[in-house]
Amino acid sequence: MAPPAQSHRSPSPSQPSGKGEVSDLKSQLRQLAGSRAPGVDDSKRELFKKVISYMTIGIDVSSLFGEMVMCSATSDIVLKKMCYLYVGNYAKVNPDLALLTINFLQRDCKDQDPMIRGLALRSLCSLRVANLVEYLVGPLGSGLKDSNSYVRMVAVIGVLKLYHISSSTCMDADFPAILKHLMLNDPDTQVLANCLSALQEIWTAEASKSEEASRERDALLSKPVIYYLLNRIKEFSEWPQCLVLELVAKYVPSDSNEIFDIMNLLEDRLQHANGAVVLATIKVFLQLTLSMTDVHQQVYERIKAPLLTLVSSGSPEQSYAVLSHLHLLVMRAPVLFSSDYKHFYCQYNESFYVKKLKLEMLTVVANESNTYEIVTELCEYAANVDIPIARESIRAVGKIALQQYDVNAIVDRLLQFLEMEKDYVTAETLVLVKDLLRKYPQWSQDCIAVVGNISSKNVQEPKAKAALIWMLGEYSQDMQDAPYILESLAENWDDEHSPEVRLHLLTAVMKCFFKRPPETQKALGAALAAGLGDFHQDVHDRALFYYRLLQFNVSTAERVVNPPKQAVSVFADSQSSEIKDRIFDEFNSLSVVYQKPSYMFTDKEHRGPFEFSDELGNLSIGAESIDNCVPVQQVEANDKDLLLSTSEKEDVRVPTNNGSAYSAPSYDSSASLSASQTSTDLVTLEPALPRQASPSLAIDDLLGLGLSTTPMPAPPPPLSLNSKAILDPGTFQQKWRQLSISLSQELPVSPQGIAALTAPQALIRHMQGHSIHCIASGGQSPNFKFFFFAQKLEELSNFLVECIINISNSKSQIKIKADDQTSSQAFLDQFQSALSKFGTL
Amino acid sequence: MLQCIFLLSDSGEVMLEKQLTGHRVDRSICSWYWDHAISQGDQQLAPVIASPTHYLFQIVREGITFLACTQVEMPPLMGIEFLCRVADVLSDYLGGLNEDVVKDNFVIVYDLLDEMIDNGFPLTTEPNILREMITPPNIVSKVLSVVTGNSSNVSDTLPGATASCVPWRTTDRKYTNNEVYVDLVEEMDAIINREGILVKCEIYGEVQVNSQLSGLPDLTLSFVNPNILDDVRFHPCVRFRPWESHQILSFVPPDGQFKLMSYRVKKLKAAPIYVKPQLTSDSGTCRLSVLVGVRNDPGKIIDSVTVKFQLPPCVLSADLTSNCGTVNILTNKSCTWSIGRIPKDKAPSMSGTLVLEAGLEHLHVLPTFQVAFRIMGIALSGLQIDKLDLKNLPNRPYKGFRALTRAGQFEVRS
C-alpha cells in the first residue's frame with residue numbers, strides 16, 4: 001500500500017471549495033421543492049447525489065437542511081434513502097430543523113411498503129436528538145408489532161438506539177419486556193438475534209442501577225434461554241451465530257453431561273465457512289472444558305485442524321487474527337503442537353507481523369525430536385534479505401538453545417553466524433552468545449575462540465558491543481589480547497555514545513585487571529580517569545565506586561566485582577503467567593491480538609456490552625449457584641495442573657527429557673545479579689496474596705528473627721500446606737541465612753524414586769503435587785541438590801528445605817528450617833511421605 | 001461493536017464515511033491512521049491497530065483501505081472478516097473495486113452498508129439476499145433506467161429468503177437452461193530447500209460451484225477418495241450429518257457462484273516441477289543459473305510458469321538471459337522470468353552474472369525464488385469427484401466438472 005503523498009489533504013482544484021456551490025445547490029433545491037412537473041424526481045436525484053457527495057468529501061452542507069426536507073415529499077425510494085442519509089448525518093447539529101423531518105418520517109413509518117416502513121424507522125431512530133424522543137415511542141411500538149420481520153428487526157435495534165438517547169424513555173415504555181417476549185417467540189432469527197444484542201446492552205447498562213435489571217441480565221445466561229438459542233442455532237445466519245456463541249461461552253453448565261451435549265451440538269460449527277463463527281465456537285469449547293483436564297486436551301486436538309485450515313484459507317488479515325489466537329494456544333500447550341511445527345514455517349512474502357508470530361511459535365514448540373529441523377529452518381531466515389526477520393530468527397535460535405535442546409549443535413550454528421560477516425547478524429549473535437555463556441559456561445572454550453576473532457570495530461550496536469565487552473572482561477584469561485582491546489576501547493572513551501557500553505567497559509576492565517594486572521594497568525587507569533570525568537551520572541558513580549574500592553583493598557575489590565559465578569539456570573519470563581491466563585480467559589477478543597489482557601488497554605466503560613462482570617459466574621441462576629461456584633473456582637487451579645500434566649505425559653514417553661517449558665521456576669541458589677533483579681520484578685507482578693505477604697516478611701527480615709522466634713500457639717495437628725505458595729528467591733536466601741536448622745535427617749530414597757530421578761524436574765513436579773515447591777535445583781548425577789519451600793495454608797509461616805539426594809547410595813540428606821519451629825516435625829513427616837511416593841506413581 | 005467505517009482512497013481521501021452508533025468517530029482518526037502508516041515505512045501495517053482513541057481494523061483491497069473503528073472489546077476476527085465480506089460484496093456489486101467505481105456508486109455503497117450492518121452489529125453479508133434488496137448496477141438496469149426513466153436500484157419487494165429456512169436462496173428462481181458447474185481449484189504451497197528437498201508441501205483446495213437451477217434443488221456430491229482430506233470447511237448450506245457418516249456433501253445450493261467447501265491436504269510427497277538455482281560467487285561477481293523442468297509428469301500441460309525473485313541490495317547490476325521465455329529486471333531489483341509453457345524438447349534455463357557492490361567478495365544474502373504455474377485438468381491432491389446427483393428438478397440439467405491446480409506460495413531457496 002502506497003501511503004498518501006500528503007496526509008493533510010488540501011482540496012484538489014477540481015473539488016468545489018464550498019460556499020458558492022452550496023448556495024447554488026440551495027437555490028436549485030428551492031426551485032424543485034414545489035414543482036410537480038414530470039421528471040422532477042430525476043433532477044432531484046442528481047441534486048441529492050451532489051449534496052451527499054459534498055457531504056462525503058467533508059464539505060459542510062448542513063445549511064441545506066431546510067431545503068432538503070422540503071424536497072423530501074416524494075414516493076421515490078432512492079430519493080428517500082438519500083434524504084434519510086442526509087438527515088441522519090446533520091440532525092444532531094440541527095435539532096430544531098430536525099423537527100421538520102419527523103413529520104414525513106412518521107408518515108413513512110405507516111407506508112404500505114415494508115421496506116419503506118423499515119427504512120423510515122431506522123432513520124427516525126438514527127436522528128439521535130434528545131428532545132425528539134417522544135416522537136419515537138409510537139412508531140417503535142407499532143414497529144415491534146409489525147407483521148413484516150424486516151420492520152421488526154429494524155425496530156428492535158431502534159429500541160437500543162432510543163435507549164442510548166434517553167434510557168428513561170425506553171424503560172418507561174417498557175420496551176425491554178417487549179423485546180424479551182419477541183426474543184423468545186419471534187419466528188425470525190434475525191429479529192431474535194437483534195433482541196439478544198439489544199437486551200444484553202440495555203440490561204448490562206441498567207444492572208448497576210436496578211436489582212431487577214441485573215436479574216434479567218443474568219437470566220439471559222439461564223439454562224432455558226441458552227438451550228432455546230442453541231436449539232435454533234442452525235437457523236441463525238453467520239453473524240448472529242457469533243453473538244449466540246459468545247453468550248454460550250459464558251454459560252456455566254451444571255454437569256458434564258450438559259457440557260458434552262453442548263459440544264456435540266456445536267461440533268459442526270467448527271467447519272463453518274466464516275472464521276468468526278469458528279473462533280467463537282472454539283472459545284465455547286475451551287471455556288466449557290476448563291475444569292475437565294482430559295477433555296480440555298482433546299479439545300485442543302480437535303480444534304487444531306480447523307485453526308490451521310483457517311490460517312491457510314483466508315486473506316492475510318484474517319490469517320493474522322487467527323494466528324494470534326493460535327499463538328496463544330501454542331504458548332499454553334506447546335507440546336500439543338510440536339508435531340505441526342511445519343505450519344509455522346515462514347513464507348517469503350508473508351508480512352512482518354505474521355512472520356514474527358510464527359517465529360515465536362516455532363521457538364516454543366521446539367523439543368528434542370524437531371529441534372534440528374526447526375533450527376535449520378531458522379538459520380535459513382537468518383540468511384534472508386529481510387533484516388528484521390533475520391534478527392528475530394537469530395534470537396529464536398538463541399531462545400531454543402536456552403531451552404536446553406540440542407545445545408551442542410546450536411552453539412555451532414551460532415558460531416557460524418559470526419562467520420557470516422554481516423553486522424546485524426554478528427550483533428544479534430554476540431548478545432546471544434553472551435546469554436548462552438551465562439547459562440552454559442562449559443561452552444566458553446569454543447565460543448571464546450570465535451568471539452576473539454571479531455574486531456570490536458565491526459560491532460556498532462550498543463547491545464552487541466556491551467555483550468562483546470562483557471565477554472572480554474569475563475574471559476580475559478582465555479583471550480590473548482583482551483587487555484589490549486579493552487585498552488584501545490578505553491582510550492577512545494569519548495567515541496562511545498552509549499552509557500550502557502561505558503558501564504560494561506568499566507566493569508570489564510576491572511575484571512581483566514584482577515586476572516592480568518600488569519597488562520591491564522594502563523587500560524584501567526585510562527578507563528577510571530575517563531569514567532570519573534563522564535557526564536553520565538551512573539557511569540561517573542560507578543567509576544568512583546571502583547576507584548575507592550581499589551583504594552581500599554584490591555582483594556576486597558576483586559571479591560566484590562568479580563566473585564565466582566554460578567550459571568543462570570532460567571532467565572526470567574517477560575510476561576507473568578497470571579497475565580497469560582487473563583488473556584486466555586478473553587479468548588476471541590482484541591486482548592489476544594495485543595497480547596495484553598483487556599484491563600490493560602480498555603477503560604472500564606468501554607469493556608464492551610458483552611463483557612459481564614467477574615462475579616457473574618458465582619451469582620447466576622439462583623438455586624444452582626453453589627454448583628456453579630465450583631467449576632468457576634476450579635478453573636484457576638486446573639489451568640496449571642492441566643499444563644503440567646501435558647508435559648508430564650511427554651516425560652513418560654521420553655524419559656530423557658530434561659527440562660520442559662513448564663518446570664517450576666528454579667532459580668539458582670546463589671542467585672546472581674540477574675536473578676535478584678528478577679525477583680524484584682516478580683514481586684510486583686505477583687497476585688494479591690503474596691503482595692500482602694511481602695511487607696510482613698520484610699519486617700521479619702528487618703527485625704532479624706524478631707517475629708519468628710516468638711513462640712506460636714500450638715499448630716493444628718494436621719498440617720495443611722498452601723498449594724499455591726509463593727516465595728521469591730531473594731526472600732528465600734535471606735531466610736535461609738537467618739534461620740537456624742530445626743531438623744536434619746537422612747532419609748532413604750526408594751529405588752523407584754532413584755530410577756525416576758533422571759532429571760531434577762521430575763522430582764520438582766512431584767513435590768509440587770504435594771504443595772512443596774522448588775525454588776532452586778542443581779547438581780549432576782550422582783548428587784542432586786534441591787531447595788524446597790512450603791507455606792502453611794492459613795498463616796504466613798514458611799518451611800525451607802535443603803535436600804541432597806545421592807543416587808549411588810539411595811540416600812537423601814534433609815535440612816529443614818522453619819519460621820514456626822514447633823510444626824517442623826509435622827512438616828518433616830509430610831515431606832518424607834511425599835518423597836517416599838516419588839517414582840511409585 | 002464497530003462504531004464507524006471509512007473507505008479511504010490511495011491518496012488518503014475519505015471516500016465514504018458510515019457512522020454506525022451514537023458515538024461519532026471524528027475523521028481525524030484517518031489522518032492519525034495515515035501518519036501511523038507512514039511512520040511504519042515499508043512494513044505492512046498489522047490488520048488490528050490501537051490508536052490513542054480507538055481500535056482500528058483495516059484491510060486493503062485494490063488500493064482502497066477499509067477502516068473500521070471501535071472502542072469496545074470485540075472478537076477481532078469478526079471485525080476483519082466483516083470488512084473482507086464488505087469488500088467482496090462491493091466488488092461483486094460494482095464489478096471490481098477501484099477509486100472511481102466507488103465514487104461513482106457511493107449511494108449504492110451507502111445502501112449496502114445500511115443493510116449489512118446496523119448499530120455496529122453485522123446483519124447479513126449474503127450476496128444473494130442483498131441482491132434482492134438492492135439491485136446491482138449492471139448494464140441491463142442502466143439501459144432500463146435510460147429507457148424507462150426509472151433508475152431506482154432499490155427493489156420494491158423484500159427478499160423472501162430472510163424468512164425461509166434456506167436463507168441463502170430464494171425459492172422462485174427460474175432458468176430455461178438448468179446448469180451446474182463444479183470446479184476443483186487447488187493451490188500448492190511448498191518450500192524447497194537448496195538441496196532440492198521438499199521442506200513443506202501442502203495443498204489448499206476449494207470446491208467452487210456455479211449453479212443456475214430452478215426451484216429448490218437438492219444436490220449430493222460425493223468423492224472417490226474423501227479420506228485424503230485433512231480438514232474441511234463448508235458453506236452454511238452443507239448438511240453436516242451426511243458428511244459425518246458417509247462423507248457426502250448434501251446441500252441446497254445458493255444461486256450463482258459460491259464456494260461450497262474448502263479443504264487442506266497435507267503430506268504430499270512431490271511437486272510437479274523442479275527449479276534448481278545455482279549461485280557461485282567469486283571476487284565480486286556472482287554467477288547465477290536456474291534450471292526448470294517437469295518432475296513427476298502430471299499428464300497434463302503445465303503452463304503460465306514464472307519464476308520471480310528479488311536481487312539482494314548488494315547486487316549492483318545483473319545480466320541474465322534465458323533459452324526460453326523472457327527475463328525482466330525492474331529498477332527495484334525484482335526479476336521475473338516468464339517461461340509460459342514448459343516445452344517438451346528442452347529444459348528451460350536462465351543464466352547470467354550479477355555484479356556485486358565494491359568490496360564484497362561473496363554474495364551473503366541468497367534470494368528466494370517464487371514459482372508460479374498452472375495445470376489445467378487435474379487436482380494435484382488426487383481428490384476426485386465421484387458423482388453429482390440432483391433432486392427436485394423438473395428436467396435434466398447440464399452438469400460440468402473441471403479441475404485446476406496452481407502454485408500458491410511455492411518457493412525455492414538458494
# chains A, B, ... in the order shown; residues from 1 in each chain; ligands from 1
$ select_by_dssp --residues "segment 163-327 of chain B" --states "strand (DSSP E or B)" --output "ChimeraX atom specification"
/B:179-192,198-212,218-223,231-234,238,248-251,256-265,273-282,285-294,302-310,315-322,326-327
$ residues_around --residues "segment 220-232 of chain B" --least-positions-apart "5" --cutoff "10 Å" --atoms "only C-alpha atoms" --output "short mmCIF file (atom, residue, chain, number, x, y, z; two decimals) with N, CA and C atoms, in the first residue's frame"
data_model
loop_
_atom_site.label_atom_id
_atom_site.label_comp_id
_atom_site.auth_asym_id
_atom_site.auth_seq_id
_atom_site.Cartn_x
_atom_site.Cartn_y
_atom_site.Cartn_z
N LEU A 270 -17.49 -25.91 13.88
CA LEU A 270 -16.05 -25.81 13.65
C LEU A 270 -15.72 -25.88 12.18
N GLN A 271 -16.66 -26.35 11.37
CA GLN A 271 -16.41 -26.47 9.94
C GLN A 271 -17.07 -25.33 9.17
N HIS A 272 -17.51 -24.31 9.89
CA HIS A 272 -18.23 -23.23 9.21
C HIS A 272 -17.29 -22.42 8.34
N ALA A 273 -17.85 -21.88 7.26
CA ALA A 273 -17.01 -21.10 6.33
C ALA A 273 -16.57 -19.77 6.93
N LYS A 304 -7.33 -28.07 16.55
CA LYS A 304 -6.08 -27.82 15.85
C LYS A 304 -6.29 -27.71 14.34
N ALA A 305 -6.93 -28.74 13.78
CA ALA A 305 -7.10 -28.77 12.33
C ALA A 305 -7.91 -27.57 11.81
N PRO A 306 -9.08 -27.27 12.41
CA PRO A 306 -9.82 -26.10 11.90
C PRO A 306 -9.01 -24.80 11.97
N LEU A 307 -8.26 -24.65 13.04
CA LEU A 307 -7.47 -23.42 13.16
C LEU A 307 -6.41 -23.35 12.06
N LEU A 308 -5.73 -24.47 11.83
CA LEU A 308 -4.69 -24.46 10.81
C LEU A 308 -5.29 -24.22 9.43
N THR A 309 -6.49 -24.77 9.19
CA THR A 309 -7.14 -24.52 7.91
C THR A 309 -7.49 -23.04 7.77
N LEU A 310 -8.02 -22.47 8.85
CA LEU A 310 -8.37 -21.05 8.81
C LEU A 310 -7.15 -20.21 8.46
N VAL B 182 -19.14 -27.67 -11.40
CA VAL B 182 -18.35 -27.89 -10.19
C VAL B 182 -16.87 -27.79 -10.56
N ILE B 203 -1.53 -28.71 0.15
CA ILE B 203 -2.47 -28.19 -0.84
C ILE B 203 -3.69 -27.63 -0.14
N TYR B 204 -4.04 -26.43 -0.55
CA TYR B 204 -5.29 -25.84 -0.10
C TYR B 204 -6.23 -25.86 -1.28
N GLY B 205 -7.39 -26.44 -1.13
CA GLY B 205 -8.30 -26.56 -2.27
C GLY B 205 -9.68 -26.04 -1.96
N GLU B 206 -10.39 -25.69 -3.02
CA GLU B 206 -11.76 -25.24 -2.87
C GLU B 206 -12.63 -25.96 -3.89
N VAL B 238 -24.28 -26.65 3.50
CA VAL B 238 -23.96 -28.07 3.54
C VAL B 238 -24.50 -28.70 4.82
N PRO B 242 -24.76 -36.02 6.79
CA PRO B 242 -24.32 -36.91 5.71
C PRO B 242 -22.81 -36.91 5.53
N TRP B 243 -22.19 -35.78 5.77
CA TRP B 243 -20.73 -35.74 5.66
C TRP B 243 -20.11 -36.55 6.78
N HIS B 246 -21.12 -40.46 5.90
CA HIS B 246 -20.69 -41.07 4.64
C HIS B 246 -19.77 -40.20 3.80
N GLN B 247 -19.34 -39.06 4.33
CA GLN B 247 -18.52 -38.14 3.55
C GLN B 247 -19.19 -37.76 2.22
N ILE B 248 -20.46 -37.43 2.33
CA ILE B 248 -21.20 -36.97 1.15
C ILE B 248 -21.63 -35.54 1.40
N LEU B 249 -21.48 -34.70 0.39
CA LEU B 249 -21.91 -33.32 0.53
C LEU B 249 -23.36 -33.22 0.06
N SER B 250 -24.26 -32.93 0.97
CA SER B 250 -25.65 -32.82 0.61
C SER B 250 -26.08 -31.39 0.89
N PHE B 251 -26.66 -30.72 -0.10
CA PHE B 251 -26.92 -29.29 0.10
C PHE B 251 -27.96 -28.75 -0.88
N VAL B 252 -28.60 -27.66 -0.48
CA VAL B 252 -29.44 -26.87 -1.38
C VAL B 252 -28.59 -25.65 -1.76
N MET B 261 -16.99 -25.68 -0.49
CA MET B 261 -16.18 -26.33 0.52
C MET B 261 -14.72 -25.91 0.31
N SER B 262 -14.00 -25.82 1.39
CA SER B 262 -12.55 -25.66 1.23
C SER B 262 -11.88 -26.74 2.05
N TYR B 263 -10.71 -27.14 1.64
CA TYR B 263 -10.06 -28.25 2.33
C TYR B 263 -8.56 -28.12 2.27
N ARG B 264 -7.93 -28.94 3.06
CA ARG B 264 -6.48 -28.94 3.15
C ARG B 264 -5.98 -30.36 3.01
N VAL B 265 -4.93 -30.57 2.25
CA VAL B 265 -4.33 -31.90 2.15
C VAL B 265 -2.86 -31.76 2.49
N LYS B 266 -2.42 -32.49 3.51
CA LYS B 266 -1.02 -32.42 3.93
C LYS B 266 -0.27 -33.58 3.32
N LYS B 267 0.97 -33.67 3.68
CA LYS B 267 1.80 -34.84 3.38
C LYS B 267 1.81 -35.19 1.91
N SER B 381 -3.86 -32.86 -5.53
CA SER B 381 -4.02 -33.61 -4.29
C SER B 381 -4.51 -35.03 -4.58
N GLY B 382 -5.05 -35.23 -5.77
CA GLY B 382 -5.60 -36.53 -6.11
C GLY B 382 -7.07 -36.66 -5.81
N LEU B 383 -7.67 -35.60 -5.31
CA LEU B 383 -9.09 -35.65 -5.00
C LEU B 383 -9.90 -35.78 -6.28
N GLN B 384 -10.85 -36.73 -6.27
CA GLN B 384 -11.67 -36.92 -7.47
C GLN B 384 -13.14 -36.92 -7.12
N ILE B 385 -13.92 -36.27 -7.97
CA ILE B 385 -15.36 -36.26 -7.76
C ILE B 385 -15.93 -37.57 -8.28
N ASP B 386 -16.76 -38.18 -7.49
CA ASP B 386 -17.38 -39.42 -7.91
C ASP B 386 -18.62 -39.10 -8.74
N LYS B 387 -19.63 -38.52 -8.10
CA LYS B 387 -20.82 -38.16 -8.88
C LYS B 387 -21.60 -37.05 -8.20
N LEU B 388 -22.44 -36.42 -8.99
CA LEU B 388 -23.30 -35.35 -8.50
C LEU B 388 -24.73 -35.71 -8.84
N ASP B 389 -25.55 -35.85 -7.81
CA ASP B 389 -26.97 -36.17 -8.03
C ASP B 389 -27.81 -34.94 -7.75
N LEU B 390 -28.85 -34.76 -8.57
CA LEU B 390 -29.73 -33.63 -8.35
C LEU B 390 -31.15 -34.12 -8.18
N LYS B 391 -31.80 -33.59 -7.17
CA LYS B 391 -33.20 -33.93 -6.95
C LYS B 391 -34.04 -32.66 -7.02
#
$ closest_residue --among "A:Ser167, A:Ser210, A:Asn588, A:Gln738" --to "chain B" --atoms "only C-alpha atoms"
A:Asn588
$ closest_residue --among "B:Pro367, B:Gly12, B:Pro76, B:Pro52" --to "His325 of chain A" --atoms "only C-alpha atoms"
B:Pro76
$ select_by_dssp --residues "segment 123-362 of chain B" --states "alpha helix (DSSP H)" --output "short mmCIF file (atom, residue, chain, number, x, y, z; two decimals) with all heavy atoms, in the first residue's frame"
data_model
loop_
_atom_site.label_atom_id
_atom_site.label_comp_id
_atom_site.auth_asym_id
_atom_site.auth_seq_id
_atom_site.Cartn_x
_atom_site.Cartn_y
_atom_site.Cartn_z
N PRO B 127 -24.55 -12.40 -0.35
CA PRO B 127 -24.80 -11.62 -1.58
C PRO B 127 -26.18 -11.85 -2.17
O PRO B 127 -26.79 -10.93 -2.71
CB PRO B 127 -23.71 -12.10 -2.54
CG PRO B 127 -22.71 -12.79 -1.71
CD PRO B 127 -23.38 -13.24 -0.47
N ASN B 128 -26.67 -13.09 -2.05
CA ASN B 128 -27.97 -13.37 -2.66
C ASN B 128 -29.10 -12.58 -2.03
O ASN B 128 -30.02 -12.15 -2.70
CB ASN B 128 -28.28 -14.86 -2.56
CG ASN B 128 -27.54 -15.64 -3.62
OD1 ASN B 128 -27.77 -15.44 -4.79
ND2 ASN B 128 -26.60 -16.46 -3.18
N ILE B 129 -29.03 -12.43 -0.72
CA ILE B 129 -30.09 -11.68 -0.03
C ILE B 129 -29.96 -10.20 -0.36
O ILE B 129 -30.95 -9.53 -0.67
CB ILE B 129 -29.97 -11.90 1.49
CG1 ILE B 129 -30.17 -13.37 1.80
CG2 ILE B 129 -30.99 -11.06 2.22
CD1 ILE B 129 -30.02 -13.71 3.23
N LEU B 130 -28.73 -9.71 -0.32
CA LEU B 130 -28.52 -8.29 -0.60
C LEU B 130 -28.98 -7.95 -2.01
O LEU B 130 -29.57 -6.91 -2.24
CB LEU B 130 -27.03 -7.95 -0.43
CG LEU B 130 -26.55 -7.97 1.01
CD1 LEU B 130 -25.04 -7.89 1.05
CD2 LEU B 130 -27.16 -6.81 1.78
N ARG B 131 -28.72 -8.87 -2.93
CA ARG B 131 -29.08 -8.59 -4.32
C ARG B 131 -30.58 -8.40 -4.47
O ARG B 131 -31.04 -7.73 -5.37
CB ARG B 131 -28.59 -9.73 -5.21
CG ARG B 131 -28.16 -9.26 -6.58
CD ARG B 131 -27.41 -10.32 -7.32
NE ARG B 131 -26.04 -10.44 -6.86
CZ ARG B 131 -25.40 -11.60 -6.77
NH1 ARG B 131 -26.01 -12.73 -7.04
NH2 ARG B 131 -24.14 -11.63 -6.38
N GLU B 132 -31.34 -9.02 -3.60
CA GLU B 132 -32.78 -8.85 -3.71
C GLU B 132 -33.26 -7.55 -3.09
O GLU B 132 -34.32 -7.05 -3.42
CB GLU B 132 -33.48 -10.03 -3.05
CG GLU B 132 -33.45 -11.22 -3.95
CD GLU B 132 -34.00 -12.43 -3.25
OE1 GLU B 132 -35.05 -12.28 -2.62
OE2 GLU B 132 -33.36 -13.48 -3.32
N MET B 133 -32.47 -7.02 -2.15
CA MET B 133 -32.88 -5.76 -1.55
C MET B 133 -32.38 -4.59 -2.38
O MET B 133 -33.04 -3.59 -2.51
CB MET B 133 -32.33 -5.66 -0.13
CG MET B 133 -32.97 -6.66 0.80
SD MET B 133 -32.73 -6.18 2.49
CE MET B 133 -31.38 -7.22 2.94
N ILE B 139 -25.36 -3.49 -16.50
CA ILE B 139 -25.63 -2.79 -17.75
C ILE B 139 -27.13 -2.83 -18.08
O ILE B 139 -27.71 -1.84 -18.49
CB ILE B 139 -24.82 -3.44 -18.89
CG1 ILE B 139 -23.34 -3.22 -18.62
CG2 ILE B 139 -25.20 -2.84 -20.23
CD1 ILE B 139 -22.42 -3.90 -19.55
N VAL B 140 -27.73 -3.98 -17.82
CA VAL B 140 -29.15 -4.11 -18.13
C VAL B 140 -29.96 -3.06 -17.39
O VAL B 140 -30.78 -2.34 -17.98
CB VAL B 140 -29.66 -5.52 -17.75
CG1 VAL B 140 -31.14 -5.65 -18.07
CG2 VAL B 140 -28.86 -6.58 -18.49
N SER B 141 -29.69 -2.91 -16.09
CA SER B 141 -30.50 -1.97 -15.34
C SER B 141 -30.19 -0.53 -15.74
O SER B 141 -31.03 0.34 -15.68
CB SER B 141 -30.30 -2.17 -13.83
OG SER B 141 -29.04 -1.70 -13.45
N LYS B 142 -28.94 -0.30 -16.18
CA LYS B 142 -28.61 1.04 -16.65
C LYS B 142 -29.40 1.36 -17.92
O LYS B 142 -29.98 2.43 -18.04
CB LYS B 142 -27.10 1.14 -16.93
CG LYS B 142 -26.34 1.77 -15.80
CD LYS B 142 -24.89 1.96 -16.16
CE LYS B 142 -24.09 2.22 -14.90
NZ LYS B 142 -22.73 1.74 -15.01
N VAL B 143 -29.42 0.40 -18.85
CA VAL B 143 -30.17 0.58 -20.09
C VAL B 143 -31.63 0.79 -19.76
O VAL B 143 -32.29 1.71 -20.24
CB VAL B 143 -29.99 -0.65 -21.01
CG1 VAL B 143 -30.91 -0.54 -22.20
CG2 VAL B 143 -28.55 -0.76 -21.45
N LEU B 144 -32.10 -0.06 -18.87
CA LEU B 144 -33.51 0.01 -18.49
C LEU B 144 -33.85 1.37 -17.90
O LEU B 144 -34.88 1.96 -18.20
CB LEU B 144 -33.78 -1.08 -17.44
CG LEU B 144 -35.17 -1.70 -17.44
CD1 LEU B 144 -35.35 -2.49 -18.74
CD2 LEU B 144 -35.34 -2.61 -16.25
N SER B 145 -32.94 1.89 -17.10
CA SER B 145 -33.24 3.15 -16.45
C SER B 145 -33.26 4.28 -17.47
O SER B 145 -34.02 5.22 -17.36
CB SER B 145 -32.21 3.44 -15.36
OG SER B 145 -30.99 3.77 -15.95
N VAL B 146 -32.41 4.18 -18.49
CA VAL B 146 -32.41 5.21 -19.52
C VAL B 146 -33.73 5.14 -20.29
O VAL B 146 -34.37 6.16 -20.57
CB VAL B 146 -31.21 5.03 -20.48
CG1 VAL B 146 -31.32 5.97 -21.66
CG2 VAL B 146 -29.92 5.27 -19.72
N VAL B 147 -34.16 3.92 -20.61
CA VAL B 147 -35.37 3.74 -21.41
C VAL B 147 -36.61 4.15 -20.61
O VAL B 147 -37.44 4.93 -21.07
CB VAL B 147 -35.50 2.28 -21.88
CG1 VAL B 147 -36.83 2.07 -22.58
CG2 VAL B 147 -34.36 1.94 -22.82
N THR B 148 -36.71 3.63 -19.40
CA THR B 148 -37.95 3.87 -18.65
C THR B 148 -37.88 5.11 -17.78
O THR B 148 -38.91 5.56 -17.28
CB THR B 148 -38.26 2.68 -17.73
OG1 THR B 148 -37.17 2.56 -16.81
CG2 THR B 148 -38.42 1.40 -18.51
N PHE B 240 -24.54 -31.30 7.77
CA PHE B 240 -23.38 -31.86 8.44
C PHE B 240 -23.43 -33.39 8.57
O PHE B 240 -22.45 -34.08 8.40
CB PHE B 240 -23.25 -31.22 9.82
CG PHE B 240 -21.95 -31.53 10.49
CD1 PHE B 240 -20.75 -31.14 9.92
CD2 PHE B 240 -21.92 -32.21 11.69
CE1 PHE B 240 -19.55 -31.42 10.52
CE2 PHE B 240 -20.72 -32.50 12.29
CZ PHE B 240 -19.54 -32.10 11.71
N ARG B 241 -24.63 -33.89 8.87
CA ARG B 241 -24.73 -35.33 9.17
C ARG B 241 -24.26 -36.24 8.03
O ARG B 241 -23.49 -37.16 8.26
CB ARG B 241 -26.16 -35.70 9.58
CG ARG B 241 -26.60 -35.07 10.88
CD ARG B 241 -25.96 -35.73 12.10
NE ARG B 241 -26.10 -34.84 13.24
CZ ARG B 241 -25.10 -34.45 14.01
NH1 ARG B 241 -23.88 -34.92 13.80
NH2 ARG B 241 -25.29 -33.62 15.00
N PRO B 242 -24.76 -36.02 6.79
CA PRO B 242 -24.32 -36.91 5.71
C PRO B 242 -22.81 -36.91 5.53
O PRO B 242 -22.21 -37.93 5.21
CB PRO B 242 -25.01 -36.34 4.46
CG PRO B 242 -26.13 -35.54 4.97
CD PRO B 242 -25.72 -35.03 6.32
N TRP B 243 -22.19 -35.78 5.77
CA TRP B 243 -20.73 -35.74 5.66
C TRP B 243 -20.11 -36.55 6.78
O TRP B 243 -19.20 -37.35 6.56
CB TRP B 243 -20.23 -34.30 5.70
CG TRP B 243 -18.74 -34.24 5.70
CD1 TRP B 243 -17.92 -34.11 6.76
CD2 TRP B 243 -17.89 -34.37 4.56
NE1 TRP B 243 -16.61 -34.14 6.37
CE2 TRP B 243 -16.55 -34.30 5.01
CE3 TRP B 243 -18.11 -34.55 3.19
CZ2 TRP B 243 -15.46 -34.41 4.16
CZ3 TRP B 243 -17.02 -34.64 2.33
CH2 TRP B 243 -15.71 -34.58 2.82
N GLU B 244 -20.64 -36.36 7.96
CA GLU B 244 -20.13 -37.07 9.14
C GLU B 244 -20.18 -38.58 8.93
O GLU B 244 -19.23 -39.29 9.19
CB GLU B 244 -20.99 -36.67 10.34
CG GLU B 244 -20.48 -37.16 11.64
CD GLU B 244 -19.42 -36.24 12.22
OE1 GLU B 244 -18.51 -35.79 11.49
OE2 GLU B 244 -19.50 -35.99 13.40
N SER B 245 -21.31 -39.06 8.41
CA SER B 245 -21.46 -40.51 8.34
C SER B 245 -20.91 -41.10 7.04
O SER B 245 -20.31 -42.15 7.06
CB SER B 245 -22.93 -40.89 8.52
OG SER B 245 -23.74 -40.09 7.70
N HIS B 246 -21.12 -40.46 5.90
CA HIS B 246 -20.69 -41.07 4.64
C HIS B 246 -19.77 -40.20 3.80
O HIS B 246 -19.49 -40.53 2.64
CB HIS B 246 -21.92 -41.42 3.78
CG HIS B 246 -22.89 -42.32 4.46
ND1 HIS B 246 -24.05 -41.86 5.03
CD2 HIS B 246 -22.85 -43.65 4.70
CE1 HIS B 246 -24.69 -42.87 5.58
NE2 HIS B 246 -23.98 -43.97 5.40
#
$ residues_around --residues "segment 24-37 of chain A" --least-positions-apart "4" --cutoff "8 Å" --atoms "only C-alpha atoms" --output "list in words"
Gly20, Lys44, Leu47, Val51, Leu64, Glu67, Met68, Met70 and Cys71 of chain A
